[in-house]
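Enquirer: Encoded as structure tokens, here's the structure I'll be asking about.
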Amino acid sequence: MSDHETVPAAVEHEDEIPPDHPRYTDLVTRHRIERGVEKGITHLQGMHAEGRGSAFDYLLGEETTETADEAERAAAAHLLSADQPVLSINGNVAALVPGEMVELAAAVDADLEINLFNRTPERIGAIESHLREHGATAVKGLEADARIPNLDHERSKVDAEGIYSADVVLVPLEDGDRAEALEAMGKTEIVIDLNPLSRSPQVADVPVVDNIVRAVPNMTAHARALQDASEAELEAIIEDFDRERALEAAESRIRNGL
Ligand code: ATP
């Protein structure tokens, strides 16, 4: 039996997971979601979402594909050329990539907004503290004083000066109904989701079919590389990106390993 097979299913701290383990990212991801649930950041439903994501990531080869990388570059170009970009944070996003979202927000000068499917004051408070522990200085979505049209009351809540008025929104692991409603509001929508057939990436202007733990740092790297790009250069990257081709490439990889 190799050392890898002796890694216990549940570890106290992610440092106990050996970085050379073949399923390292998956084990770390699972561990962070479990901790998120324990800390009141992530809803139990988030564990199901994580399980689905993990299966798709396995089929995608647990790596950022060339088309996902192109999508991440296009996403960075959209965020950099936006008037008011907002990055949406839910319970899984907060548990998996809190510091990475803070870094991306700084790289593209975007606001962070807590945006929850299962919204309670306790979870909002826990996520806000968690983001601040990871370097966030301003967090929107605490009041959620505006409503997305055509959604039921709880799921429609957003910040008037955040997602409601944003022109470009990054909504990772977003619920399909909300993704559709945001699209109907005319926003440029960037979705990170490992399932290319899910409604959220299907309606996105930029569907990023990649694990959020790889996608967000890669978007930040692209944003930094494009920091001095002209509006025309950013526009060319945005124009070059083909959302249909990106979705097809991801589906083909999952179905046929191609
Ligand atoms: P729909 O969007 O059609 O309502 P759904 O009900 O399957 O689809 P949700 O439960 O709302 O989806 O969200 C979970 C989604 O998040 C899944 O599509 C899953 O693949 C994706 N997901 C889970 N973990 C990750 C991750 N670490 N990185 C990227 N995507 C992930």
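Starting from 1 in every chain, residues are counted up; chains themselves are A, B, ... following the order of the structure tokens, and ligands are numbered from 1 as listed.
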All residues within 6 Å of ligand 1 are required, counting only C-alpha atoms and all ligand atoms; please report them as an NGL selection string.
Expert: :A and (49-50 or 52-53 or 173-176 or 192-195 or 198-200 or 210-212)
Enquirer: Name the residues of range 6-213 of chain A that come out as helix (DSSP H, G or I) in a backbone DSSP run; write them as a PyMOL selection string.
Expert: chain A and resi 6+14-16+24-38+45-60+66-81+91-96+98-108+121-133+154-156+176-184+199-203+212-213
Enquirer: Tell me which protein, DNA and RNA residues are within 9 Å of Ile124 in chain A, counting only C-alpha atoms, leaving out same-chain ones fewer than 6 positions away, and put them as a PyMOL selection string.
Expert: chain A and resi 41+114-116+141-142
Enquirer: A:Lys140, A:Arg255, A:His78, A:Arg245: which is nearest Leu170 in chain A, counting only C-alpha atoms?
Expert: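 Counting only C-alpha atoms, the residue closest to Leu170 in chain A is A:His78.
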Enquirer: I want to know what sits within 10 Å of Ile33 in chain A, based on only C-alpha atoms, with residues of the same chain fewer than 6 positions away left out; could you give that as a list of chain:residue names?
Expert: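 Here the qualifying residues turn out to be A:Lys39, A:Ile41, A:Thr42, A:His43, A:Leu44, A:Gly46, A:Met47, A:Glu50, A:Gly91, A:Asn92, A:Val93, A:Ala94, A:Ala95, A:Leu96.
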Enquirer: When you count only C-alpha atoms, which of these residues is closest to Ala232 in chain A: A:Ala160, A:Val213, A:Ala77, A:Val102?
Expert: A:Ala77
Enquirer: Name all residues at most 7 Å from Ala76 in chain A (count only C-alpha atoms; drop same-chain ones fewer than 6 positions away) and give them as number ranges by chain.
Expert: A: 219, 222-223
Enquirer: For Gly135 in chain A, which of A:Val169, A:Ala236, A:Glu100, A:Asn118 is the closest residue, counting only C-alpha atoms?
Expert: A:Glu100
Enquirer: Would you pick out the contacts of Leu104 in chain A at 8 Å or less, using only C-alpha atoms, so that residues sharing its chain but fewer than 6 positions from it are not included, and give the list as a PyMOL selection string?
Expert: chain A and resi 110+216-217+219-220
Enquirer: Could you write those residues out with N, CA, C and O atoms, as a PDB file, in the first residue's frame?
Expert:
```pdb
ATOM      1  N   ALA A 110     -12.535  45.449  -8.585  1.00  0.00           N
ATOM      2  CA  ALA A 110     -13.953  45.058  -8.505  1.00  0.00           C
ATOM      3  C   ALA A 110     -14.401  45.033  -7.046  1.00  0.00           C
ATOM      4  O   ALA A 110     -13.580  44.948  -6.134  1.00  0.00           O
ATOM      5  N   VAL A 216      -9.794  30.922 -10.540  1.00  0.00           N
ATOM      6  CA  VAL A 216      -9.670  32.281  -9.996  1.00  0.00           C
ATOM      7  C   VAL A 216      -8.209  32.776  -9.997  1.00  0.00           C
ATOM      8  O   VAL A 216      -7.933  33.871 -10.501  1.00  0.00           O
ATOM      9  N   PRO A 217      -7.241  31.960  -9.477  1.00  0.00           N
ATOM     10  CA  PRO A 217      -5.853  32.442  -9.560  1.00  0.00           C
ATOM     11  C   PRO A 217      -5.394  32.667 -11.005  1.00  0.00           C
ATOM     12  O   PRO A 217      -4.631  33.595 -11.282  1.00  0.00           O
ATOM     13  N   MET A 219      -7.306  33.639 -13.541  1.00  0.00           N
ATOM     14  CA  MET A 219      -7.893  34.916 -13.993  1.00  0.00           C
ATOM     15  C   MET A 219      -7.074  36.089 -13.462  1.00  0.00           C
ATOM     16  O   MET A 219      -6.845  37.071 -14.168  1.00  0.00           O
ATOM     17  N   THR A 220      -6.642  35.971 -12.212  1.00  0.00           N
ATOM     18  CA  THR A 220      -5.829  37.049 -11.617  1.00  0.00           C
ATOM     19  C   THR A 220      -4.505  37.184 -12.375  1.00  0.00           C
ATOM     20  O   THR A 220      -4.071  38.304 -12.685  1.00  0.00           O
TER      21      THR A 220
END
```
Enquirer: Counting only C-alpha atoms, what is within 9 Å of His31 in chain A, bar same-chain residues fewer than 6 positions away, as a PyMOL selection string?
Expert: chain A and resi 10-14
